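Asker: To start, I am sharing the structure in question, which I have written as structure tokens.
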Amino acid sequence: MSTKIFLLVFFVRSIQLLFWGEFTDESEHMAIGWMLTQGERLYADIFSHHAPLNYLTTFFISLLSPTDSYWHFRLLPIFSYLLLGWSIVKAPLSLSSAAKWRWGSFFLMIVSLVMPSWYGHMVLSELYYGVFFLIFAVQLLLPIYFNQKISAKQAMVGGAALALFTSATLMAAFTFLISLCLVLFWGIRRSYKKEILWGVFAGILVLAIQAIWLSFCGDWNGFWRDYILFNTDIYSGFVSQSSSSLSVWDSFWQLLWLPALLFCYFKKRNWFVPLLISFVFMQTLKVRGFNFHAGPYYLSLCLLLSFIALQRKKIGIPVLIIAAIGLGGWKTFTQWPSEVMISQYKKDAIEYIKRNTAPGERIAVMPITPIIYLETKRLTAYPGVYYLPWMGERERVESRSPVCEMLKQRKPHFIWTARWDIWGYKWVDYGSCVDAFVAQNYEKVSGISYLFQIKGVEADKAL
């Protein structure tokens, strides 16, 4: 009965969060995924410094969805967590089937309660990193460590998951190297050579599928330029100056390790060393400090703490549930939005653009509000769906501005430009070319924030 209740809570909570919150990184993944179905090419027509996996998934959702509704994309996290829960149930670990069902379902419930605090219900690279890392851990890494029997299918699932979590972000490279070394070290010493080969085969197959997709929907030269070189040469400098700091939420979860370790030391002595190793190893999952960037770390914490809580059900289960509800944010439990939660000034711009342009027409939105592209179903007029300081830095290095060049060439009907400062970097320091182009060729749309319409075109459908 408890398993059914845990799963029911997970599904109800997941449905409630389908429209909860809006975040620019997620909207970018959705908008670009949709644009790729309209003939645009990743890293060629559209700049991005995120991994192809983020767009491969939203591309296929957009192909399958008849309306490209926002909540259709939000089904991806639900499916991902269910896949992780199923991998726990089928994990080659020395637990009974009933115990693995309780663990998997309780874990899913805890995740659903707490995930808004790290944007775990959103389509972000941290989601893929965290989910597929844990699938790899329960299907391959932990079974090899505990010397369990692994089938070829389980080894292939683990190998595919290893390739997928590495594909999610460049930040996963360090975790990938450690994981690979551990699997090879333990696996070869414990005669898992055949299982490792099956895992390698599955991993190569997964990477090959992504490579084939990118060949059709993207550009390999652009991939090397925008994803590899841009992140290592330019964006890394901005990231190092903006790492998120430890919050009260993060501190609480760090402190939960202490009673977990003490429990293992006094009650389950043989668990203590593996748990201590896990604690140290999981620090590599903090992609860029804390907050949503540490989503894979918090997801791993939920997995371990849910398992430990089940060992002392009368105390562990209620304590972890109360902690998860509190950390998930009371506000997220009191509302059930029926549409994407965006500000009214954005809604006004979206409706005005939809009434005065045709589907598929090009507009420009900057510095970063890609939800407008997705909700209007309009394409971008410049190479990207955002214009941020690190793009301005690349233009400075290359002594050219492809954004302004494309705007001048295409002259979109509308430009939505908020001129926001990002991470302390001033818009005027890199966006002056855009300002000059807008001032010369566009006029402000009355009553709608940040929206400019090309001069000489009558606004016949003003609000």
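All residue names refer to the structure tokens as shown: chains lettered A, B, ... in order, residues numbered from 1 in each chain, ligands numbered from 1 in order.
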For region 430-439 of chain A, list every protein, DNA or RNA residue within 10 Å, evaluated using only C-alpha atoms, and leave out those in the same chain fewer than 3 positions away; present the list as a VMD selection string.

Answerer: chain A and resid 366 to 367 387 to 393 395 to 396 401 403 to 405 407 to 408 411 414 to 417 419 425 to 427 442 to 444 452 to 455

Asker: Would you write out those residues with C-alpha atoms, as a CSV table (one decimal), in the first residue's frame?

Answerer:
chain,number,residue,atom,x,y,z
A,366,MET,CA,17.1,40.2,-26.2
A,367,PRO,CA,18.9,40.0,-23.9
A,387,TYR,CA,22.2,38.1,-26.5
A,388,LEU,CA,24.3,38.1,-23.4
A,389,PRO,CA,27.7,39.5,-22.2
A,390,TRP,CA,29.7,36.4,-23.1
A,391,MET,CA,28.4,36.7,-26.7
A,392,GLY,CA,29.4,40.3,-26.6
A,393,GLU,CA,32.9,39.2,-25.4
A,395,GLU,CA,32.3,39.7,-30.8
A,396,ARG,CA,35.0,41.8,-29.2
A,401,SER,CA,29.1,41.5,-34.6
A,403,VAL,CA,24.0,39.7,-34.2
A,404,CYS,CA,23.9,43.3,-35.6
A,405,GLU,CA,24.8,42.1,-39.1
A,407,LEU,CA,19.5,42.2,-37.7
A,408,LYS,CA,20.4,44.8,-40.4
A,411,LYS,CA,15.1,43.9,-40.3
A,414,PHE,CA,9.5,43.5,-34.0
A,415,ILE,CA,12.4,43.7,-31.6
A,416,TRP,CA,11.8,43.1,-27.9
A,417,THR,CA,14.8,44.5,-26.1
A,419,ARG,CA,18.4,46.2,-22.0
A,425,TYR,CA,27.7,43.3,-16.7
A,426,LYS,CA,26.2,46.4,-18.3
A,427,TRP,CA,24.1,46.1,-21.5
A,442,TYR,CA,12.2,51.2,-34.9
A,443,GLU,CA,9.7,53.0,-32.7
A,444,LYS,CA,8.3,52.0,-29.3
A,452,PHE,CA,9.7,48.1,-30.6
A,453,GLN,CA,8.1,48.0,-34.1
A,454,ILE,CA,9.8,48.8,-37.4
A,455,LYS,CA,9.0,52.4,-38.5

Asker: Would you list, as number ranges by chain, the residues of region 345-449 of chain A that end up in strand (DSSP E or B) under DSSP run on this structure's backbone?

Answerer: A: 362-366, 368, 379-380, 386, 414-417, 422, 425, 442-444

Asker: Choose the residue, out of A:Gly21, A:Gly130, A:Gly33, A:Gly39, that has the smallest atom-to-atom separation from Ala294 (chain A); count only C-alpha atoms.

Answerer: A:Gly130

Asker: Between A:Phe216, A:Phe176, A:Phe73, A:Trp336, which has the minimum distance to Glu40 (chain A) (counting only C-alpha atoms)?

Answerer: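 Checking each of A:Phe216, A:Phe176, A:Phe73, A:Trp336 against Glu40 (chain A), counting only C-alpha atoms, the winner is A:Phe216.
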
Asker: Identify all residues of region 120-177 of chain A in alpha helix (DSSP H) (DSSP on the backbone) and supply them as a PyMOL selection string.

Answerer: chain A and resi 125-136+142-145+152-168+173-177

Asker: Store the residues of this selection in a file with N, CA and C atoms, as a tab-separated table (two decimals), in the first residue's frame.

Answerer:
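Generated output (again01.tsv):
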chain	number	residue	atom	x	y	z
A	125	SER	N	19.83	20.84	-18.38
A	125	SER	CA	20.92	19.88	-18.53
A	125	SER	C	21.21	19.17	-17.21
A	126	GLU	N	20.99	19.88	-16.08
A	126	GLU	CA	21.21	19.27	-14.77
A	126	GLU	C	20.27	18.08	-14.54
A	127	LEU	N	19.08	18.13	-15.14
A	127	LEU	CA	18.14	17.00	-15.03
A	127	LEU	C	18.75	15.75	-15.66
A	128	TYR	N	19.23	15.87	-16.90
A	128	TYR	CA	19.80	14.71	-17.59
A	128	TYR	C	21.06	14.22	-16.88
A	129	TYR	N	21.88	15.16	-16.45
A	129	TYR	CA	23.11	14.80	-15.74
A	129	TYR	C	22.79	13.98	-14.50
A	130	GLY	N	21.87	14.49	-13.66
A	130	GLY	CA	21.55	13.81	-12.42
A	130	GLY	C	20.84	12.48	-12.61
A	131	VAL	N	19.82	12.46	-13.46
A	131	VAL	CA	19.04	11.23	-13.66
A	131	VAL	C	19.89	10.12	-14.26
A	132	PHE	N	20.63	10.43	-15.32
A	132	PHE	CA	21.39	9.37	-15.98
A	132	PHE	C	22.62	8.95	-15.18
A	133	PHE	N	23.16	9.86	-14.38
A	133	PHE	CA	24.24	9.44	-13.50
A	133	PHE	C	23.74	8.40	-12.49
A	134	LEU	N	22.57	8.63	-11.93
A	134	LEU	CA	22.04	7.70	-10.92
A	134	LEU	C	21.62	6.38	-11.56
A	135	ILE	N	21.10	6.41	-12.79
A	135	ILE	CA	20.80	5.16	-13.48
A	135	ILE	C	22.08	4.36	-13.68
A	136	PHE	N	23.14	5.05	-14.09
A	136	PHE	CA	24.44	4.40	-14.23
A	136	PHE	C	24.91	3.83	-12.89
A	142	LEU	N	27.38	0.67	-8.58
A	142	LEU	CA	27.17	0.05	-7.26
A	142	LEU	C	27.17	-1.49	-7.32
A	143	PRO	N	26.51	-2.09	-8.33
A	143	PRO	CA	26.57	-3.56	-8.40
A	143	PRO	C	27.99	-4.10	-8.56
A	144	ILE	N	28.84	-3.41	-9.31
A	144	ILE	CA	30.23	-3.85	-9.43
A	144	ILE	C	30.95	-3.70	-8.09
A	145	TYR	N	30.70	-2.58	-7.40
A	145	TYR	CA	31.35	-2.35	-6.11
A	145	TYR	C	30.95	-3.44	-5.10
A	152	ALA	N	23.73	-8.77	-19.16
A	152	ALA	CA	24.19	-7.97	-20.30
A	152	ALA	C	23.28	-6.75	-20.49
A	153	LYS	N	21.97	-6.95	-20.31
A	153	LYS	CA	21.03	-5.85	-20.48
A	153	LYS	C	21.27	-4.76	-19.44
A	154	GLN	N	21.48	-5.15	-18.20
A	154	GLN	CA	21.75	-4.17	-17.14
A	154	GLN	C	23.06	-3.43	-17.39
A	155	ALA	N	24.06	-4.14	-17.88
A	155	ALA	CA	25.34	-3.50	-18.20
A	155	ALA	C	25.17	-2.49	-19.33
A	156	MET	N	24.34	-2.83	-20.32
A	156	MET	CA	24.10	-1.92	-21.43
A	156	MET	C	23.33	-0.68	-20.98
A	157	VAL	N	22.36	-0.87	-20.09
A	157	VAL	CA	21.63	0.28	-19.55
A	157	VAL	C	22.59	1.20	-18.80
A	158	GLY	N	23.47	0.62	-17.98
A	158	GLY	CA	24.45	1.42	-17.25
A	158	GLY	C	25.41	2.15	-18.18
A	159	GLY	N	25.89	1.47	-19.21
A	159	GLY	CA	26.81	2.10	-20.16
A	159	GLY	C	26.14	3.21	-20.95
A	160	ALA	N	24.89	2.99	-21.36
A	160	ALA	CA	24.15	4.03	-22.08
A	160	ALA	C	23.93	5.24	-21.19
A	161	ALA	N	23.59	5.00	-19.91
A	161	ALA	CA	23.38	6.10	-18.97
A	161	ALA	C	24.66	6.89	-18.74
A	162	LEU	N	25.80	6.19	-18.68
A	162	LEU	CA	27.08	6.87	-18.52
A	162	LEU	C	27.34	7.82	-19.69
A	163	ALA	N	27.05	7.35	-20.91
A	163	ALA	CA	27.24	8.20	-22.09
A	163	ALA	C	26.28	9.38	-22.08
A	164	LEU	N	25.05	9.16	-21.63
A	164	LEU	CA	24.05	10.22	-21.64
A	164	LEU	C	24.34	11.30	-20.61
A	165	PHE	N	24.75	10.91	-19.39
A	165	PHE	CA	25.01	11.96	-18.40
A	165	PHE	C	26.26	12.75	-18.79
A	166	THR	N	27.19	12.12	-19.47
A	166	THR	CA	28.37	12.84	-19.95
A	166	THR	C	27.99	13.78	-21.09
A	167	SER	N	26.97	13.42	-21.86
A	167	SER	CA	26.52	14.24	-22.99
A	167	SER	C	25.74	15.47	-22.55
A	168	ALA	N	25.32	15.51	-21.29
A	168	ALA	CA	24.43	16.58	-20.84
A	168	ALA	C	25.14	17.92	-20.71
A	173	ALA	N	32.43	16.20	-17.18
A	173	ALA	CA	33.65	15.52	-17.62
A	173	ALA	C	34.44	14.92	-16.46
A	174	PHE	N	34.55	15.66	-15.36
A	174	PHE	CA	35.33	15.18	-14.22
A	174	PHE	C	34.66	13.96	-13.58
A	175	THR	N	33.33	14.06	-13.39
A	175	THR	CA	32.59	12.93	-12.83
A	175	THR	C	32.68	11.72	-13.74
A	176	PHE	N	32.63	11.95	-15.05
A	176	PHE	CA	32.74	10.86	-16.02
A	176	PHE	C	34.08	10.14	-15.88
A	177	LEU	N	35.15	10.89	-15.78
A	177	LEU	CA	36.48	10.28	-15.67
A	177	LEU	C	36.61	9.46	-14.40

Asker: Can you measure CA of Arg74 (chain A) to CA of Trp86 (chain A) for me? One decimal in Å is fine.

Answerer: 19.2 Å

Asker: For Val111 (chain A), find every residue with an atom within 9 Å (counting only C-alpha atoms), except residues of its own chain fewer than 6 positions away, and show them as a PyMOL selection string.

Answerer: chain A and resi 10+81+120+299+302-303+324

Asker: From the set A:His50, A:His413, A:Arg362, A:Lys346, which residue has the shortest atom-to-atom contact distance to Met171 (chain A), counting only C-alpha atoms?

Answerer: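 Using only C-alpha atoms, Met171 (chain A) sits closest to A:His50.
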
Asker: Can you pull out every residue within 8 Å of region 25-30 of chain A, counting only C-alpha atoms, but drop anything in the same chain fewer than 5 positions away, and send it as a list of chain:residue names?

Answerer: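 Once the adjacent positions are removed, what remains is A:Asn54, A:Tyr55, A:Thr58, A:Phe59, A:Phe73, A:Met122, A:Val123, A:Leu124, A:Thr369, A:Pro370, A:Ile371, A:Leu374, A:Val385.
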
Asker: Which distance in Å separates CA of Gln139 (chain A) and CA of Leu108 (chain A), to one decimal?

Answerer: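 Between CA of Gln139 (chain A) and CA of Leu108 (chain A) the gap works out to 17.2 Å.
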
Asker: As an exercise, work out the distance from CA of Gly360 (chain A) to CA of Phe19 (chain A) in Å and give it to one decimal place.

Answerer: 24.4 Å

Asker: Name all residues at most 6 Å from region 328-330 of chain A (count only C-alpha atoms; drop same-chain ones fewer than 3 positions away) and give them as a PyMOL selection string.

Answerer: chain A and resi 113-114+116-117+324-325+333

Asker: Give me, as a count of residues only, all polymer residues having an atom no more than 8 Å from Gln148 (chain A), counting only C-alpha atoms and skipping those fewer than 6 positions away in the same chain.

Answerer: 3
